[in-house]
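Q: This is the content of input.cif (mmCIF, C-alpha atoms):
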data_structure
#
loop_
_atom_site.label_atom_id
_atom_site.label_comp_id
_atom_site.auth_asym_id
_atom_site.auth_seq_id
_atom_site.Cartn_x
_atom_site.Cartn_y
_atom_site.Cartn_z
CA MET A 831 13.14 -34.28 1.14
CA LYS A 832 16.67 -33.51 -0.03
CA GLU A 833 16.97 -29.92 1.18
CA GLN A 834 20.59 -30.41 2.26
CA GLN A 835 21.51 -30.93 -1.42
CA LEU A 836 20.46 -27.42 -2.46
CA LEU A 837 23.14 -25.63 -4.51
CA ILE A 838 21.96 -22.17 -5.53
CA TYR A 839 19.24 -21.68 -2.93
CA ARG A 840 21.23 -22.82 0.11
CA GLY A 841 20.40 -19.54 1.83
CA ILE A 842 16.94 -21.00 2.45
CA LEU A 843 18.54 -23.38 4.95
CA GLU A 844 19.20 -20.43 7.25
CA HIS A 845 15.49 -20.04 7.97
CA SER A 846 14.47 -21.83 11.16
CA LEU A 847 10.82 -22.37 10.19
CA PHE A 848 11.83 -24.07 6.95
CA LEU A 849 14.24 -26.32 8.85
CA SER A 850 11.51 -27.16 11.38
CA MET A 851 9.15 -28.19 8.59
CA THR A 852 11.75 -30.40 6.90
CA ARG A 853 12.78 -31.87 10.27
CA LEU A 854 9.13 -32.73 10.85
CA VAL A 855 9.02 -34.60 7.52
CA HIS A 856 12.21 -36.56 8.19
CA ARG A 857 11.13 -37.62 11.69
CA TYR A 858 7.67 -38.56 10.48
CA GLU A 859 8.98 -40.68 7.60
CA ASN A 860 11.53 -42.35 9.91
CA ARG A 861 8.64 -43.18 12.28
CA ASP A 862 10.26 -41.20 15.07
CA SER A 863 7.03 -40.41 16.91
CA GLU A 864 8.57 -38.83 20.03
CA GLU A 865 6.89 -35.44 20.57
CA LEU A 866 6.06 -35.33 16.86
CA SER A 867 2.64 -33.79 17.45
CA THR A 868 4.24 -31.02 19.49
CA LEU A 869 6.73 -30.27 16.71
CA ALA A 870 3.90 -30.25 14.16
CA ALA A 871 1.83 -27.85 16.26
CA GLY A 872 4.85 -25.56 16.58
CA CYS A 873 5.25 -25.51 12.80
CA VAL A 874 1.58 -24.67 12.31
CA SER A 875 1.87 -21.86 14.85
CA GLY A 876 4.94 -20.48 13.07
CA LEU A 877 3.20 -20.50 9.69
CA LEU A 878 0.09 -18.79 11.05
CA THR A 879 2.22 -16.09 12.66
CA TYR A 880 4.14 -15.63 9.42
CA ALA A 881 0.92 -15.26 7.46
CA ALA A 882 -0.41 -12.64 9.87
CA GLU A 883 2.82 -10.62 9.74
CA HIS A 884 2.98 -10.66 5.94
CA GLY A 885 -0.74 -10.46 5.14
CA PHE A 886 -0.61 -13.71 3.13
CA TYR A 887 -3.68 -15.78 2.31
CA GLY A 888 -4.50 -19.12 0.72
CA ASN A 889 -2.03 -21.96 1.25
CA VAL A 890 0.36 -20.37 3.76
CA TRP A 891 3.03 -23.08 3.38
CA HIS A 892 3.21 -22.35 -0.34
CA CYS A 893 3.26 -18.59 0.33
CA TYR A 894 6.09 -19.09 2.79
CA LEU A 895 8.13 -21.07 0.25
CA ALA A 896 7.43 -18.48 -2.47
CA ASP A 897 8.54 -15.72 -0.11
CA LEU A 898 11.83 -17.52 0.55
CA LEU A 899 12.42 -17.88 -3.19
CA VAL A 900 11.77 -14.23 -4.03
CA ASN A 901 14.01 -13.04 -1.20
CA ASP A 902 16.98 -15.33 -1.84
CA GLU A 903 19.71 -13.20 -3.45
CA ASN A 904 21.90 -15.71 -5.27
CA PRO A 905 23.81 -15.67 -8.58
CA TYR A 906 20.87 -17.14 -10.48
CA SER A 907 18.10 -14.89 -9.11
CA MET A 908 20.20 -11.74 -9.42
CA SER A 909 21.10 -12.60 -13.03
CA CYS A 910 17.44 -13.15 -13.88
CA GLU A 911 16.63 -9.80 -12.30
CA ILE A 912 18.82 -8.10 -14.90
CA VAL A 913 18.45 -10.15 -18.11
CA GLY A 914 15.54 -12.52 -17.51
CA ASP A 915 15.92 -16.15 -18.55
CA ILE A 916 19.54 -17.34 -18.61
CA THR A 917 21.38 -20.40 -19.92
CA GLY A 918 24.46 -22.31 -18.85
CA THR A 919 25.49 -23.98 -15.63
CA LEU A 920 23.58 -21.59 -13.33
CA ASN A 921 20.42 -22.51 -15.18
CA GLN A 922 21.10 -26.22 -14.63
CA ALA A 923 21.83 -25.64 -10.94
CA ALA A 924 18.56 -23.74 -10.56
CA GLU A 925 16.58 -26.59 -12.11
CA HIS A 926 18.35 -29.01 -9.74
CA ASP A 927 17.29 -26.93 -6.72
CA LEU A 928 13.75 -26.39 -7.95
CA GLU A 929 13.27 -30.13 -8.29
CA ILE A 930 14.05 -30.38 -4.55
CA LEU A 931 11.89 -27.40 -3.65
CA GLY A 932 9.11 -28.75 -5.84
CA GLU A 933 8.92 -31.71 -3.47
CA CYS A 934 8.37 -29.21 -0.64
CA PHE A 935 5.47 -27.66 -2.54
CA SER A 936 3.84 -31.00 -3.35
CA TYR A 937 4.39 -32.79 -0.05
CA ASP A 938 1.10 -33.99 1.47
CA PHE A 939 1.25 -32.35 4.89
CA GLY A 940 -2.52 -32.71 5.25
CA THR A 941 -2.35 -36.50 5.51
CA MET A 942 0.52 -36.27 7.99
CA MET A 943 -1.29 -33.78 10.22
CA ARG A 944 -4.46 -35.84 10.27
CA ARG A 945 -2.50 -38.89 11.39
CA LEU A 946 -0.84 -36.76 14.08
CA SER A 947 -4.24 -35.39 15.12
CA VAL A 948 -3.14 -31.78 14.38
CA SER A 949 -6.41 -30.58 12.88
CA ALA A 950 -5.28 -26.95 12.98
CA PHE A 951 -3.24 -27.51 9.80
CA SER A 952 -6.40 -26.87 7.80
CA MET A 953 -5.95 -23.21 8.79
CA VAL A 954 -2.57 -23.23 7.06
CA GLU A 955 -4.01 -24.74 3.88
CA HIS A 956 -6.87 -22.25 3.65
CA TYR A 957 -5.79 -19.12 5.51
CA GLU A 958 -8.07 -16.08 5.33
CA ARG A 959 -6.35 -12.82 6.08
CA SER A 960 -7.83 -9.90 7.99
CA SER A 961 -9.23 -6.99 6.00
CA ASP A 962 -6.81 -4.34 4.76
CA ASN A 963 -8.05 -1.79 7.28
CA VAL A 964 -6.77 -3.99 10.12
CA ARG A 965 -3.12 -3.33 10.97
CA SER A 966 -1.69 -6.69 10.04
CA GLY A 967 0.54 -7.79 7.21
CA HIS A 968 2.60 -4.67 6.65
CA VAL A 969 5.87 -6.29 5.63
CA TYR A 970 4.92 -5.73 1.97
CA ASN A 971 2.69 -3.28 0.20
CA THR A 972 -0.56 -4.71 -1.12
CA ARG A 973 0.70 -5.04 -4.68
CA ILE A 974 3.74 -7.14 -3.76
CA ARG A 975 1.83 -9.20 -1.18
CA ASP A 976 -0.82 -10.16 -3.73
CA ARG A 977 1.84 -10.98 -6.30
CA ILE A 978 3.64 -13.33 -3.90
CA CYS A 979 0.38 -15.08 -3.06
CA SER A 980 -0.30 -15.43 -6.78
CA LEU A 981 3.24 -16.72 -7.33
CA ALA A 982 2.72 -19.31 -4.56
CA GLN A 983 -0.43 -20.55 -6.27
CA SER A 984 1.35 -20.80 -9.63
CA LEU A 985 4.37 -22.61 -8.21
CA GLY A 986 2.11 -25.01 -6.33
CA SER A 987 0.41 -26.03 -9.56
CA CYS A 988 3.62 -26.52 -11.58
CA THR A 989 4.32 -30.09 -12.73
CA SER A 990 8.07 -29.85 -13.41
CA PRO A 991 11.19 -27.99 -12.23
CA ARG A 992 11.46 -26.33 -15.64
CA GLU A 993 7.93 -24.99 -15.37
CA MET A 994 8.69 -23.67 -11.88
CA LYS A 995 11.83 -22.00 -13.20
CA THR A 996 9.90 -20.23 -15.95
CA VAL A 997 7.34 -18.87 -13.48
CA LEU A 998 10.01 -17.78 -10.99
CA THR A 999 12.22 -16.17 -13.62
CA GLN A 1000 9.31 -14.06 -14.84
CA PHE A 1001 8.78 -12.82 -11.27
CA TYR A 1002 12.47 -11.94 -10.87
CA GLN A 1003 12.52 -9.98 -14.11
CA GLU A 1004 9.29 -8.11 -13.37
CA TYR A 1005 9.64 -7.43 -9.64
CA GLY A 1006 13.27 -8.09 -8.79
CA VAL A 1007 14.68 -10.17 -5.98
CA GLY A 1008 15.31 -9.68 -2.28
CA ARG A 1009 15.01 -6.52 -0.22
CA PHE A 1010 15.70 -4.12 -3.10
CA GLY A 1011 13.14 -5.77 -5.35
CA LEU A 1012 10.36 -5.89 -2.79
CA HIS A 1013 10.77 -2.66 -0.81
CA LYS A 1014 10.82 1.05 -1.59
CA ALA A 1015 12.93 2.68 1.07
CA PHE A 1016 15.81 1.71 3.32
CA ARG A 1017 17.92 2.87 6.23
CA VAL A 1018 21.51 2.12 7.14
CA GLU A 1019 22.31 0.26 10.35
CA GLU A 1020 25.67 -0.63 11.86
CA GLN A 1021 26.07 -3.87 13.79
CA GLU A 1022 29.42 -5.10 15.10
CA LYS A 1023 31.37 -2.94 12.64
CA ASN A 1024 29.29 -4.22 9.71
CA THR A 1025 27.05 -2.04 7.56
CA PHE A 1026 23.55 -3.27 6.71
CA ILE A 1027 20.90 -1.75 4.45
CA LYS A 1028 17.55 -2.50 6.09
CA PRO A 1029 14.06 -2.00 4.60
CA ILE A 1030 11.78 0.66 6.07
CA LEU A 1031 8.45 -1.14 6.38
CA ASN A 1032 6.11 1.73 7.30
CA ILE A 1033 6.37 4.22 4.44
CA GLN A 1034 4.54 7.54 4.40
CA HIS A 1035 2.44 7.63 1.24
CA VAL A 1036 3.13 11.16 0.01
CA TYR A 1037 2.63 12.13 -3.62
CA LEU A 1038 3.85 15.17 -5.51
CA ASP A 1039 0.27 16.30 -6.16
CA ASP A 1040 -0.18 16.50 -2.38
CA LEU A 1041 2.27 19.42 -2.31
CA ILE A 1042 0.33 22.53 -3.27
CA GLY A 1043 2.26 25.14 -5.23
CA TYR A 1044 5.99 25.08 -5.98
CA GLU A 1045 5.27 23.89 -9.52
CA SER A 1046 8.58 25.07 -11.03
CA ALA A 1047 10.54 23.51 -8.16
CA LYS A 1048 8.71 20.20 -8.54
CA LYS A 1049 9.23 20.22 -12.31
CA LYS A 1050 12.97 20.72 -11.88
CA LEU A 1051 13.15 17.77 -9.50
CA ILE A 1052 10.94 15.59 -11.71
CA ASP A 1053 12.99 16.37 -14.83
CA ASN A 1054 16.23 15.35 -13.12
CA THR A 1055 14.72 12.17 -11.66
CA GLU A 1056 13.07 11.25 -14.96
CA ALA A 1057 16.46 11.47 -16.68
CA PHE A 1058 17.99 9.34 -13.93
CA VAL A 1059 15.48 6.47 -14.05
CA SER A 1060 15.57 6.57 -17.87
CA GLY A 1061 19.31 5.94 -17.86
CA ARG A 1062 20.29 9.42 -19.03
CA SER A 1063 22.74 11.79 -17.36
CA ALA A 1064 21.44 13.31 -14.12
CA ASN A 1065 22.76 15.40 -11.25
CA ASN A 1066 22.89 15.22 -7.48
CA CYS A 1067 20.15 17.48 -6.07
CA LEU A 1068 20.05 19.92 -3.17
CA LEU A 1069 16.63 21.15 -2.06
CA PHE A 1070 17.10 24.15 0.20
CA GLY A 1071 15.00 26.92 1.69
CA ASP A 1072 12.66 27.77 4.52
CA ALA A 1073 11.48 25.19 7.04
CA GLY A 1074 8.15 23.46 6.42
CA THR A 1075 7.97 24.25 2.71
CA GLY A 1076 7.79 20.66 1.45
CA LYS A 1077 11.38 19.74 0.63
CA SER A 1078 11.26 16.35 2.33
CA SER A 1079 7.72 15.74 1.06
CA CYS A 1080 8.98 16.22 -2.50
CA ILE A 1081 11.60 13.50 -2.03
CA LYS A 1082 8.97 11.11 -0.65
CA GLY A 1083 6.68 11.98 -3.55
CA ILE A 1084 9.44 11.26 -6.05
CA LEU A 1085 9.91 7.81 -4.52
CA ASN A 1086 6.22 6.94 -4.82
CA GLN A 1087 6.03 8.28 -8.36
CA TYR A 1088 9.03 6.32 -9.70
CA TYR A 1089 9.03 3.20 -7.54
CA ASP A 1090 7.40 1.13 -10.29
CA ARG A 1091 10.26 2.10 -12.61
CA GLY A 1092 12.94 0.78 -10.28
CA LEU A 1093 13.68 3.79 -8.08
CA ARG A 1094 14.73 3.07 -4.49
CA ILE A 1095 15.77 5.44 -1.67
CA ILE A 1096 18.30 4.87 1.09
CA GLU A 1097 18.15 7.30 4.01
CA LEU A 1098 21.55 8.22 5.43
CA TYR A 1099 22.32 10.38 8.45
CA LYS A 1100 25.28 12.67 8.94
CA HIS A 1101 27.03 10.43 11.45
CA GLN A 1102 26.84 7.57 8.93
CA PHE A 1103 28.86 9.23 6.17
CA VAL A 1104 31.80 7.03 7.11
CA HIS A 1105 29.74 4.09 5.75
CA LEU A 1106 28.88 5.76 2.44
CA ASN A 1107 31.46 3.85 0.40
CA GLU A 1108 30.26 0.54 1.83
CA VAL A 1109 26.64 1.42 1.06
CA ILE A 1110 27.51 2.27 -2.53
CA SER A 1111 29.49 -0.96 -2.94
CA GLN A 1112 26.37 -2.95 -1.96
CA ILE A 1113 24.09 -1.29 -4.51
CA LYS A 1114 26.26 -0.36 -7.48
CA ASN A 1115 25.70 -3.62 -9.39
CA ARG A 1116 21.96 -3.96 -8.78
CA ASN A 1117 19.33 -3.43 -11.44
CA TYR A 1118 17.76 -0.45 -9.67
CA LYS A 1119 18.26 3.29 -9.47
CA PHE A 1120 19.19 4.42 -5.96
CA ILE A 1121 18.83 7.84 -4.39
CA ILE A 1122 20.86 8.26 -1.22
CA TYR A 1123 18.73 10.68 0.77
CA MET A 1124 20.17 13.08 3.34
CA ASP A 1125 17.49 15.05 5.15
CA ASP A 1126 18.13 18.39 6.89
CA LEU A 1127 21.77 18.39 5.86
CA SER A 1128 23.93 21.06 7.49
CA PHE A 1129 27.22 21.31 9.33
CA GLU A 1130 28.51 23.38 12.18
CA GLU A 1131 31.97 24.93 12.01
CA PHE A 1132 33.57 22.18 14.10
CA GLU A 1133 32.05 19.31 12.08
CA ILE A 1134 34.34 17.92 9.40
CA GLU A 1135 32.15 15.13 7.97
CA TYR A 1136 31.41 17.40 5.00
CA LYS A 1137 34.97 16.88 3.76
CA TYR A 1138 34.44 13.15 3.58
CA LEU A 1139 31.08 13.57 1.87
CA LYS A 1140 32.58 15.99 -0.62
CA ALA A 1141 35.17 13.46 -1.72
CA VAL A 1142 32.63 10.65 -2.05
CA ILE A 1143 30.16 12.70 -4.07
CA GLU A 1144 32.73 13.88 -6.55
CA GLY A 1145 36.46 14.08 -6.30
CA GLY A 1146 37.57 10.64 -5.16
CA LEU A 1147 39.44 8.20 -7.38
CA GLU A 1148 36.49 5.82 -7.74
CA LYS A 1149 33.83 6.91 -10.19
CA ARG A 1150 30.30 7.25 -8.83
CA PRO A 1151 28.09 4.43 -10.18
CA LYS A 1152 25.54 5.45 -12.80
CA ASN A 1153 22.70 4.00 -10.73
CA VAL A 1154 23.37 6.17 -7.66
CA LEU A 1155 22.51 9.82 -6.99
CA ILE A 1156 22.49 11.90 -3.82
CA TYR A 1157 19.47 14.03 -2.93
CA ALA A 1158 19.70 16.27 0.13
CA THR A 1159 17.45 18.79 1.84
CA SER A 1160 18.65 21.70 3.94
CA ASN A 1161 17.50 24.98 5.41
CA ARG A 1162 20.91 26.43 4.50
CA ARG A 1163 21.94 27.35 0.99
CA HIS A 1164 25.64 26.76 1.63
CA LEU A 1165 25.20 23.84 4.08
CA ILE A 1166 28.12 24.85 6.31
CA ARG A 1167 27.52 27.45 8.96
CA GLU A 1168 29.41 30.71 8.62
CA SER A 1169 29.65 33.56 11.12
CA PHE A 1170 31.02 37.09 11.36
CA ARG A 1171 33.97 35.55 13.19
CA ASP A 1172 34.84 33.76 9.94
CA LYS A 1173 35.20 37.14 8.27
CA GLU A 1174 37.48 38.39 11.04
CA GLU A 1175 39.64 35.29 10.71
CA ARG A 1176 39.77 35.63 6.95
CA ASP A 1177 40.95 39.22 7.27
CA GLU A 1178 43.98 37.85 9.11
CA GLU A 1179 44.68 35.09 6.57
CA LEU A 1180 47.02 35.48 3.65
CA HIS A 1181 44.79 33.43 1.35
CA THR A 1182 41.26 34.40 2.36
CA ASN A 1183 39.67 33.05 -0.82
CA ASP A 1184 40.88 29.54 0.02
CA THR A 1185 38.83 29.53 3.21
CA VAL A 1186 35.72 30.75 1.39
CA GLN A 1187 36.08 28.13 -1.34
CA GLU A 1188 36.61 25.34 1.21
CA LYS A 1189 33.26 26.07 2.82
CA LEU A 1190 31.38 26.57 -0.45
CA SER A 1191 32.86 23.59 -2.30
CA LEU A 1192 30.41 21.03 -0.91
CA VAL A 1193 27.32 22.68 -2.36
CA SER A 1194 29.04 22.89 -5.76
CA ARG A 1195 28.99 19.07 -5.85
CA PHE A 1196 25.19 19.27 -6.28
CA GLY A 1197 24.55 19.96 -9.96
CA VAL A 1198 20.89 20.85 -9.34
CA THR A 1199 19.87 23.22 -6.54
CA ILE A 1200 16.17 23.93 -5.99
CA TYR A 1201 14.86 26.73 -3.76
CA PHE A 1202 11.73 26.37 -1.61
CA GLY A 1203 10.74 29.73 -0.14
CA ALA A 1204 8.07 30.47 2.45
CA PRO A 1205 4.73 31.35 0.82
CA ASP A 1206 3.43 34.89 0.91
CA LYS A 1207 0.04 35.64 2.47
CA GLN A 1208 -1.94 34.93 -0.67
CA GLU A 1209 -0.10 31.68 -1.38
CA PHE A 1210 -0.51 30.58 2.23
CA GLU A 1211 -4.25 31.15 2.06
CA GLN A 1212 -4.47 29.19 -1.20
CA ILE A 1213 -2.70 26.29 0.50
CA VAL A 1214 -5.10 26.43 3.46
CA LEU A 1215 -8.18 26.47 1.19
CA ALA A 1216 -6.91 23.54 -0.87
CA LEU A 1217 -6.01 21.46 2.18
CA ALA A 1218 -9.39 22.22 3.78
CA LYS A 1219 -11.21 21.07 0.64
CA ARG A 1220 -9.12 17.90 0.52
CA SER A 1221 -9.94 17.18 4.18
CA GLY A 1222 -13.66 17.79 3.75
CA ILE A 1223 -13.80 20.90 5.95
CA THR A 1224 -16.83 22.99 4.88
CA MET A 1225 -16.24 26.08 7.02
CA PRO A 1226 -16.83 29.43 5.24
CA ASP A 1227 -13.65 30.69 3.56
CA GLU A 1228 -13.57 33.99 5.45
CA GLU A 1229 -13.81 32.26 8.80
CA LEU A 1230 -11.31 29.58 7.79
CA LEU A 1231 -8.70 32.07 6.59
CA ALA A 1232 -9.10 34.29 9.63
CA GLY A 1233 -8.38 31.29 11.85
CA ALA A 1234 -5.44 30.25 9.67
CA ASN A 1235 -3.86 33.70 9.92
CA ARG A 1236 -4.19 33.68 13.70
CA TRP A 1237 -2.77 30.17 13.79
CA GLU A 1238 0.35 31.00 11.76
CA LEU A 1239 1.13 33.99 13.98
CA ALA A 1240 1.24 31.67 16.98
CA HIS A 1241 3.00 28.78 15.24
CA GLY A 1242 6.15 30.02 13.59
CA GLY A 1243 4.96 31.81 10.48
CA ARG A 1244 3.55 30.87 7.08
CA SER A 1245 4.54 27.51 5.57
CA GLY A 1246 2.91 24.46 4.05
CA ARG A 1247 3.63 22.54 7.24
CA CYS A 1248 1.93 25.22 9.34
CA ALA A 1249 -1.13 25.12 7.07
CA GLN A 1250 -1.32 21.31 7.32
CA GLN A 1251 -1.04 21.45 11.11
CA PHE A 1252 -3.89 23.96 11.22
CA ILE A 1253 -6.10 21.74 9.04
CA ASP A 1254 -5.20 18.67 11.12
CA TYR A 1255 -6.21 20.61 14.23
CA LEU A 1256 -9.57 21.56 12.72
CA SER A 1257 -10.20 17.99 11.59
CA GLY A 1258 -9.76 16.86 15.17
CA MET A 1259 -12.11 19.48 16.62
CA ALA A 1260 -15.32 17.78 15.43
CA GLY A 1261 -16.61 20.60 13.25
CA SER A 1262 -16.96 24.35 13.36
CA GLU A 1263 -18.23 24.49 16.93
CA GLY A 1264 -14.89 23.16 18.14
CA TYR A 1265 -13.17 25.69 15.95
CA LYS A 1266 -15.20 28.57 17.40
CA ASN A 1267 -14.48 27.50 20.94
CA ALA A 1268 -10.78 27.13 20.23
CA PHE A 1269 -10.45 30.55 18.57
CA GLY A 1270 -13.03 32.48 20.49
CA GLY A 1271 -15.26 32.87 17.44
#
Transcribe the structure of this file into structure tokens.
A:
Amino acid sequence: MKEQQLLIYRGILEHSLFLSMTRLVHRYENRDSEELSTLAAGCVSGLLTYAAEHGFYGNVWHCYLADLLVNDENPYSMSCEIVGDITGTLNQAAEHDLEILGECFSYDFGTMMRRLSVSAFSMVEHYERSSDNVRSGHVYNTRIRDRICSLAQSLGSCTSPREMKTVLTQFYQEYGVGRFGLHKAFRVEEQEKNTFIKPILNIQHVYLDDLIGYESAKKKLIDNTEAFVSGRSANNCLLFGDAGTGKSSCIKGILNQYYDRGLRIIELYKHQFVHLNEVISQIKNRNYKFIIYMDDLSFEEFEIEYKYLKAVIEGGLEKRPKNVLIYATSNRRHLIRESFRDKEERDEELHTNDTVQEKLSLVSRFGVTIYFGAPDKQEFEQIVLALAKRSGITMPDEELLAGANRWELAHGGRSGRCAQQFIDYLSGMAGSEGYKNAFGG
């Protein structure tokens, strides 16, 4: 193997399991038999663990190689992500590397392992994954996992570097490359003064249809997001209103609805606003649409991060990239807390309007504001009935609604969240007898 001669895909050399496999080949071919069986067993163990973590099946070595290829963000793969098949020197360099990696796909590890008496390698060649209802293999969603396994099978059957390049390029153009191509949502992490955008692996599968009511609010959000993913002009969005009314659920639903069209979400917390420019610099040239999501956004009087955010959203010298929007949720319409003391201080100022405008200027950066109000009694009951039907609760409506009204009085008032918590409670009480005992019915 000539892995050290890789040009475009040199990032693959940073993966310890790949290096262990190639080291095994070199030592075997050089007849260096010292502890070779132990090294081989370690490689088999690593591949089996990798398969379990990712949910792969079939030839795990091929799946592992395919996974490295679809995650390697290099000039060639990122160009293919945008325009598909390319020509020129990068194309030649890719064919050079795929000739080397093709040897990795076609190498006869089975013969080697039999000679080393490592019979467990047959598990790697024909790996059967656990069923989907077993919590294993949650690095990718099912769709991407199956596509990588299919890609591994296709690459393993290719007879030339050019054929491999055609198959791989099609994957890059259809699914993308690296973390942004293969994942929906991300968080920001700081390590040793560096800013990293990390995938969120366990995503809550919420859909807009799950949110009962608020049709006009949902339509306003959908219209803006539809324009955004279609490449038309769109605005930053602020979803504000009462607690538990589905603001955050709407954002999650938008992600699931538009993920297949290239929408990605990056969650950012208030204390991370200082990293906002760095986050934008990492995503502005990618072939995806990014929503930077700020949940429960609000500021106390002494917090000044809003000034930095205000400049980044709109007002700084650098133009906001067309593939980036900011969506925020808040219980406050104006985001920044105001008190009667503010009025007293303004009465003593010469330019009172300046103070007012300073505190209101952040919300004006959001071109679309959407209100989510607490439901009235009738709306709350409609939500309860719909959620009960969805959860398979067959309790009589009169009894169900009486319990729901008692529940909301003891749990902070009417809201979609309160209704869901009530239904979740009933679902855990093993039927109406548990309900009657709990409510004295």
Q: What residues come out when you apply the PyMOL selection byres ((chain A and resi 898-912) around 6) to this file, written as an MDAnalysis selection string?
A: chainID A and resid 895:897 913:915 920 1002:1003 1006:1008 1117
Q: Neighbours of stretch 1012-1029 of chain A within 6 Å (only C-alpha atoms; same-chain residues fewer than 6 positions away dropped), as a list in words?
A: Arg1094, Ile1095, Ile1096 and Glu1097 of chain A
Q: Using all atoms listed in the file, which of the listed residues (A:Ile1200, A:Ile1156, A:Asp1090, A:Ser984) sits closest to A:Leu1069?
A: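 Result for the nearest residue to A:Leu1069: A:Ile1200.
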Q: With distances taken over all atoms listed in the file, which residue among A:Ile1042, A:Leu946, A:Ala1234, A:Ala881 lies nearest A:Glu865?
A: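 Under the stated criterion, the closest residue is A:Leu946.
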Q: Give me the residues within 10 Å of A:Tyr1088 as number ranges by chain, counting all atoms listed in the file and dropping any in the same chain fewer than 4 places off.
A: A: 1014, 1052, 1055-1056, 1059, 1083-1084, 1092-1094, 1119
Q: For the residues in the current selection, export C-alpha atoms as a compact mmCIF listing (two decimals), in the frame of the given file.
A:
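That gives us result-v7.txt:
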# COMPACT_ATOMS: atom_id res chain seq x y z
CA LYS A 1014 10.82 1.05 -1.59
CA ILE A 1052 10.94 15.59 -11.71
CA THR A 1055 14.72 12.17 -11.66
CA GLU A 1056 13.07 11.25 -14.96
CA VAL A 1059 15.48 6.47 -14.05
CA GLY A 1083 6.68 11.98 -3.55
CA ILE A 1084 9.44 11.26 -6.05
CA GLY A 1092 12.94 0.78 -10.28
CA LEU A 1093 13.68 3.79 -8.08
CA ARG A 1094 14.73 3.07 -4.49
CA LYS A 1119 18.26 3.29 -9.47
Q: Quick check, in Å to one decimal: how far apart do atom CA of A:Asp1053 and atom CA of A:Tyr1201 lie?
A: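 Taking atom CA of A:Asp1053 and atom CA of A:Tyr1201, their separation equals 15.3 Å.
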Q: Could you list, as a list in words, every residue matched by the PyMOL selection byres ((chain A and resi 990-995) around 10) in this structure?
A: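 Output of the PyMOL selection byres ((chain A and resi 990-995) around 10): Asp915, Asn921, Gln922, Ala924, Glu925, His926, Asp927, Leu928, Glu929, Ile930, Leu931, Gly932, Glu933, Leu981, Ser984, Leu985, Gly986, Ser987, Cys988, Thr989, Thr996, Val997, Leu998, Thr999, Gln1000 and Phe1001 of chain A.
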Q: The PyMOL selection byres ((chain A and resi 1224) around 12) - which residues does that actually catch in the file I just gave you? List them as a ChimeraX atom specification.
A: /A:1215-1223,1225-1230,1253,1256-1257,1260-1262,1265
Q: Edge lengths and centre in Å to one decimal, as AutoDock Vina command-line options, is what I'm after for the box along x, y and z that holds all listed atoms of stretch 835-846 of chain A once 5 Å is added on each side.
A:
--center_x 18.8 --center_y -25.2 --center_z 2.8 --size_x 18.7 --size_y 21.4 --size_z 26.7
Q: Pick the closest to A:Tyr839 from A:Arg861, A:Lys1207, A:Leu877, A:Ala923: which is it, counting all atoms listed in the file?
A: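 Of A:Arg861, A:Lys1207, A:Leu877, A:Ala923, the one nearest A:Tyr839 is A:Ala923, counting all atoms listed in the file.
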Q: Could you tell me how far atom CA of A:Arg1162 sits from atom CA of A:Ala1204, in Å to one decimal place?
A: 13.6 Å
Q: Extract, using all atoms listed in the file, all DNA, RNA and protein residues at most 10 Å from A:Tyr880, discarding same-chain residues fewer than 6 positions from it, and format them as a CSV table (one decimal) with C-alpha atoms, in the frame of the given file.
A:
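Result went into selection_37.csv, see below:
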chain,number,residue,atom,x,y,z
A,847,LEU,CA,10.8,-22.4,10.2
A,874,VAL,CA,1.6,-24.7,12.3
A,886,PHE,CA,-0.6,-13.7,3.1
A,890,VAL,CA,0.4,-20.4,3.8
A,891,TRP,CA,3.0,-23.1,3.4
A,893,CYS,CA,3.3,-18.6,0.3
A,894,TYR,CA,6.1,-19.1,2.8
A,967,GLY,CA,0.5,-7.8,7.2
Q: What does the distance from atom CA of A:Ala1158 to atom CA of A:Phe1202 come to in Å, to one decimal?
A: 13.0 Å
Q: Compile the contact shell of A:His956 as an NGL selection string: residues with an atom at most 8 Å away, counting only C-alpha atoms, same-chain residues fewer than 3 positions apart removed.
A: :A and (887-890 or 952-953)
Q: Calculated over all atoms listed in the file, which of the candidates A:Leu1038, A:Ala982, A:Phe1103, A:Ile842 has the smallest distance to A:Ser936?
A: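 Among the listed residues, the smallest separation from A:Ser936 belongs to A:Ala982.
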